[in-house]
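Only one structure is covered here, and it is reproduced in the block below.
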Amino acid sequence: MASTVFSETLQSITTTKLTELSKKRSIFEEHKASLLLTTQNESNQKQRLGVLVDGVKKCFAVKTAPRKRGDRRGGAGRIVDGTNDPKLEVMLKNLERFLDQAKYDPSISPKLLQDWEDSLLKRLNVQSLKYQYATLYGELVTEWLGAEKASSLPDNISETSDGFEKVKPAERDESRIAWEKLVFEPFETDQMAVSEYLRALFGETSDNKQGFKALQKLHKEVEAFEATLSSPNQFDETVLRWTINGLIASVLLSDEKRGALKDFLGSPVILAEIADVLNMRIADISEWSWDDEVLIEQRRQVTGSYRSKSDLAHFIHPSRIIPVTRIAASSLITLQST
């Protein structure tokens with residue numbers, strides 16, 4: 001049923017977010033433990049506070065631009081890549097200024113320095129609790145989805161098999177053998193001849209200037225597309241809607257999975273969650289890899305023959321970022337051509 005795919009996608013979203021959360025939490029706690037150890041070994045209060053300010057920046061991944069030449073105001077410069085906590089950013093900038101002033105101003109008392117230090121330590125502890133509660137909430141959602149999936153399993157599998165059409169296994173097996181031969185057996189070609197043909201086609205070994213310009217344009221377009229992969233927040237509700245509409249209009253999905261995608265279109269919350277996870281994935285694209293297996297489905301055509309197709313609904317899950325990007329591009333071409 002479409003609800004099964006819908007539930008699986010929710011579980012995939014939760015699992016992906018928990019994985020990303022676990023990575024961020026591990027990095028944060030590692031930086032925090034190292035920072036606390038360093039501050040404990042620092043006896044000078046002003047230097048300890050300075051180390052704490054730099055450490056908090058590292059824990060919260062706050063990046064600052066280098067101070068411009070001739071700038072006598074002190075500090076590390078403006079924040080160029082901050083957090084979603086403006087109060088923390090203002091606090092860090094102010095503390096940098098006050099620490100610079102404390103080198104020459106005796107009116108800044110040790111008690112004031114201690115209050116600032118306690119405030120930063122409190123920020124670190126609060127963030128640790130946020131990670132802890134977020135992890136607990138994610139685990140509860142996963143447990144709830146798992147219980148819902150178990151309760152949806154039929155008690156008598158034989159009852160659900162009624163109404164299935166009997167197919168000829170020989171035709172299906174022959175189709176599978178042909179597909180496996182096409183995929184796993186290398187196609188013998190003359191690589192040198194193909195290479196020479198492409199060079200001549202794109203003007204590298206001939207006077208085809210138009211082909212050479214087309215090749216250069218292709219190189220620039222591929223380079224530009226590669227650069228866009230590193231830009232943040234590429235996926236939003238609009239992008240997902242035209243991607244899903246393109247998949248629904250195609251014949252690549254089963255009726256069940258098309259129904260699930262239609263359910264996605266009717267739920268802005270789910271679309272926002274999928275977009276959020278996809279943006280998280282593309283930000284960590286250097287760590288991306290294929291799963292252990294890629295699902296292939298044999299579908300029977302009207303003529304009775306079978307065709308093997310990739311399970312594209314499998315790719316719509318947030319843990320498959322690169323296939324989704326490719327599908328989005330191909331779907332856009334399909335929509336434009338129609």
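Here, A, B, ... name the chains of the structure tokens in the order displayed, residue numbers run from 1 inside each chain, and ligands are numbered from 1 in the same displayed order.
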Output as CSV one row per residue of stretch 9-39 of chain A within 12 Å of stretch 271-286 of chain A: the closest atom pair and its distance in Å to one decimal place, counting only C-alpha atoms, sorted by chain and residue number ascending.
```
residue,atom,partner,partner_atom,distance
A:Thr9,CA,A:Ile274,CA,8.7
A:Leu10,CA,A:Glu273,CA,8.8
A:Gln11,CA,A:Ile274,CA,11.3
A:Ser12,CA,A:Ile274,CA,9.5
A:Ile13,CA,A:Ile274,CA,6.7
A:Thr14,CA,A:Val277,CA,9.1
A:Thr15,CA,A:Val277,CA,10.1
A:Thr16,CA,A:Val277,CA,7.0
A:Lys17,CA,A:Val277,CA,6.7
A:Leu18,CA,A:Val277,CA,10.4
A:Thr19,CA,A:Arg281,CA,10.5
A:Glu20,CA,A:Met280,CA,7.7
A:Leu21,CA,A:Met280,CA,10.2
A:Lys23,CA,A:Asp284,CA,10.9
A:Lys24,CA,A:Met280,CA,11.4
```
(request) Can you work out the spacing between atom CA of A:Gly246 and atom CA of A:Phe264 in Å, to one decimal? (result) 13.5 Å
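With only C-alpha atoms as the atoms that count, the minimum distance from A:Leu49 to the choices A:Lys32, A:Glu139, A:Leu113, A:Pro86 is reached by A:Leu113.
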(message) Just the number, please: distance in Å from atom CA of A:Ser254 to atom CA of A:Gln301, one decimal.
(response)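 Going from atom CA of A:Ser254 over to atom CA of A:Gln301, I get 12.1 Å.
Of the residues under consideration (A:Val62, A:Met91, A:Gly138, A:Phe184), A:Met91 shows the shortest atom-to-atom contact distance to A:Ser119 when counting only C-alpha atoms.
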(request) Please indicate the distance in Å from atom CA of A:Ser34 to atom CA of A:Ala102, rounded to one decimal place. (result)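 Calculated distance between atom CA of A:Ser34 and atom CA of A:Ala102 is 25.6 Å.
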(request) Enumerate the residues of stretch 116-295 of chain A with a DSSP assignment of helix (DSSP H, G or I), computed from the backbone, and present them as an MDAnalysis selection string. (result) chainID A and resid 116:151 157:160 169:184 191:201 209:228 237:249 255:265 268:283 285:287
(message) When you look at A:Thr38 with a cut-off of 10 Å (counting only C-alpha atoms), what residues show up, excluding the ones that are within fewer than 2 positions of it in the same chain? I need them as a list in words.
(response) Lys32, Ala33, Ser34, Leu35, Leu36, Gln40, Asn41, Glu42, Arg48, Val51, Leu52 and Gly55 of chain A
Next, dump the selected residues to file, keeping only all heavy atoms, as a PDB file, in the first residue's frame.
```
ATOM      1  N   LYS A  32      34.296  19.774  22.909  1.00  0.00           N
ATOM      2  CA  LYS A  32      33.991  20.257  24.258  1.00  0.00           C
ATOM      3  C   LYS A  32      34.923  19.640  25.293  1.00  0.00           C
ATOM      4  O   LYS A  32      35.454  20.343  26.171  1.00  0.00           O
ATOM      5  CB  LYS A  32      32.538  19.943  24.597  1.00  0.00           C
ATOM      6  CG  LYS A  32      32.134  20.370  26.010  1.00  0.00           C
ATOM      7  CD  LYS A  32      30.711  19.925  26.319  1.00  0.00           C
ATOM      8  CE  LYS A  32      30.371  20.222  27.777  1.00  0.00           C
ATOM      9  NZ  LYS A  32      29.004  19.736  28.132  1.00  0.00           N
ATOM     10  N   ALA A  33      35.128  18.323  25.221  1.00  0.00           N
ATOM     11  CA  ALA A  33      36.007  17.647  26.182  1.00  0.00           C
ATOM     12  C   ALA A  33      37.431  18.179  26.080  1.00  0.00           C
ATOM     13  O   ALA A  33      38.103  18.416  27.101  1.00  0.00           O
ATOM     14  CB  ALA A  33      35.981  16.140  25.935  1.00  0.00           C
ATOM     15  N   SER A  34      37.906  18.378  24.835  1.00  0.00           N
ATOM     16  CA  SER A  34      39.258  18.916  24.653  1.00  0.00           C
ATOM     17  C   SER A  34      39.356  20.337  25.197  1.00  0.00           C
ATOM     18  O   SER A  34      40.364  20.711  25.814  1.00  0.00           O
ATOM     19  CB  SER A  34      39.611  18.887  23.165  1.00  0.00           C
ATOM     20  OG  SER A  34      40.859  19.483  22.929  1.00  0.00           O
ATOM     21  N   LEU A  35      38.305  21.133  24.990  1.00  0.00           N
ATOM     22  CA  LEU A  35      38.310  22.518  25.469  1.00  0.00           C
ATOM     23  C   LEU A  35      38.323  22.575  26.989  1.00  0.00           C
ATOM     24  O   LEU A  35      39.087  23.358  27.588  1.00  0.00           O
ATOM     25  CB  LEU A  35      37.080  23.242  24.920  1.00  0.00           C
ATOM     26  CG  LEU A  35      36.840  24.668  25.430  1.00  0.00           C
ATOM     27  CD1 LEU A  35      38.009  25.571  25.072  1.00  0.00           C
ATOM     28  CD2 LEU A  35      35.536  25.223  24.868  1.00  0.00           C
ATOM     29  N   LEU A  36      37.500  21.763  27.635  1.00  0.00           N
ATOM     30  CA  LEU A  36      37.456  21.772  29.099  1.00  0.00           C
ATOM     31  C   LEU A  36      38.781  21.338  29.689  1.00  0.00           C
ATOM     32  O   LEU A  36      39.228  21.879  30.723  1.00  0.00           O
ATOM     33  CB  LEU A  36      36.326  20.854  29.587  1.00  0.00           C
ATOM     34  CG  LEU A  36      34.898  21.305  29.235  1.00  0.00           C
ATOM     35  CD1 LEU A  36      33.884  20.290  29.752  1.00  0.00           C
ATOM     36  CD2 LEU A  36      34.613  22.690  29.816  1.00  0.00           C
ATOM     37  N   GLN A  40      41.141  23.795  32.071  1.00  0.00           N
ATOM     38  CA  GLN A  40      41.515  23.373  33.421  1.00  0.00           C
ATOM     39  C   GLN A  40      43.009  23.513  33.665  1.00  0.00           C
ATOM     40  O   GLN A  40      43.447  23.753  34.803  1.00  0.00           O
ATOM     41  CB  GLN A  40      41.087  21.925  33.643  1.00  0.00           C
ATOM     42  CG  GLN A  40      39.580  21.738  33.782  1.00  0.00           C
ATOM     43  CD  GLN A  40      39.183  20.278  33.889  1.00  0.00           C
ATOM     44  OE1 GLN A  40      40.041  19.382  33.845  1.00  0.00           O
ATOM     45  NE2 GLN A  40      37.882  20.026  34.027  1.00  0.00           N
ATOM     46  N   ASN A  41      43.797  23.385  32.592  1.00  0.00           N
ATOM     47  CA  ASN A  41      45.252  23.496  32.730  1.00  0.00           C
ATOM     48  C   ASN A  41      45.758  24.930  32.604  1.00  0.00           C
ATOM     49  O   ASN A  41      46.965  25.162  32.707  1.00  0.00           O
ATOM     50  CB  ASN A  41      45.935  22.633  31.663  1.00  0.00           C
ATOM     51  CG  ASN A  41      45.625  21.161  31.843  1.00  0.00           C
ATOM     52  OD1 ASN A  41      45.399  20.698  32.957  1.00  0.00           O
ATOM     53  ND2 ASN A  41      45.598  20.414  30.744  1.00  0.00           N
ATOM     54  N   GLU A  42      44.846  25.878  32.377  1.00  0.00           N
ATOM     55  CA  GLU A  42      45.234  27.283  32.234  1.00  0.00           C
ATOM     56  C   GLU A  42      44.916  28.028  33.532  1.00  0.00           C
ATOM     57  O   GLU A  42      43.764  28.111  33.952  1.00  0.00           O
ATOM     58  CB  GLU A  42      44.471  27.919  31.065  1.00  0.00           C
ATOM     59  CG  GLU A  42      44.804  29.368  30.813  1.00  0.00           C
ATOM     60  CD  GLU A  42      46.280  29.586  30.523  1.00  0.00           C
ATOM     61  OE1 GLU A  42      46.782  29.033  29.523  1.00  0.00           O
ATOM     62  OE2 GLU A  42      46.939  30.308  31.319  1.00  0.00           O
ATOM     63  N   ARG A  48      42.543  32.063  30.050  1.00  0.00           N
ATOM     64  CA  ARG A  48      41.591  30.950  30.072  1.00  0.00           C
ATOM     65  C   ARG A  48      40.285  31.345  29.387  1.00  0.00           C
ATOM     66  O   ARG A  48      39.704  30.563  28.630  1.00  0.00           O
ATOM     67  CB  ARG A  48      41.328  30.518  31.508  1.00  0.00           C
ATOM     68  CG  ARG A  48      40.397  29.310  31.607  1.00  0.00           C
ATOM     69  CD  ARG A  48      40.354  28.726  33.024  1.00  0.00           C
ATOM     70  NE  ARG A  48      39.765  29.650  33.979  1.00  0.00           N
ATOM     71  CZ  ARG A  48      40.448  30.226  34.969  1.00  0.00           C
ATOM     72  NH1 ARG A  48      41.748  29.995  35.111  1.00  0.00           N
ATOM     73  NH2 ARG A  48      39.846  31.032  35.821  1.00  0.00           N
ATOM     74  N   VAL A  51      40.866  31.371  25.638  1.00  0.00           N
ATOM     75  CA  VAL A  51      40.849  30.004  25.109  1.00  0.00           C
ATOM     76  C   VAL A  51      39.420  29.478  25.029  1.00  0.00           C
ATOM     77  O   VAL A  51      39.030  28.799  24.064  1.00  0.00           O
ATOM     78  CB  VAL A  51      41.716  29.082  25.993  1.00  0.00           C
ATOM     79  CG1 VAL A  51      41.511  27.619  25.612  1.00  0.00           C
ATOM     80  CG2 VAL A  51      43.188  29.456  25.881  1.00  0.00           C
ATOM     81  N   LEU A  52      38.613  29.840  26.042  1.00  0.00           N
ATOM     82  CA  LEU A  52      37.229  29.388  26.075  1.00  0.00           C
ATOM     83  C   LEU A  52      36.418  30.003  24.925  1.00  0.00           C
ATOM     84  O   LEU A  52      35.600  29.325  24.298  1.00  0.00           O
ATOM     85  CB  LEU A  52      36.605  29.743  27.420  1.00  0.00           C
ATOM     86  CG  LEU A  52      35.258  29.092  27.769  1.00  0.00           C
ATOM     87  CD1 LEU A  52      35.372  27.572  27.726  1.00  0.00           C
ATOM     88  CD2 LEU A  52      34.793  29.548  29.148  1.00  0.00           C
ATOM     89  N   GLY A  55      37.402  28.249  21.819  1.00  0.00           N
ATOM     90  CA  GLY A  55      36.885  26.888  21.835  1.00  0.00           C
ATOM     91  C   GLY A  55      35.396  26.819  21.574  1.00  0.00           C
ATOM     92  O   GLY A  55      34.913  25.908  20.893  1.00  0.00           O
TER      93      GLY A  55
END
```
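Of the listed residues A:Leu88, A:Ala178, A:Lys46, A:Lys217, the one whose atoms come nearest to A:Gln101 is A:Lys46, with distances taken using only C-alpha atoms.
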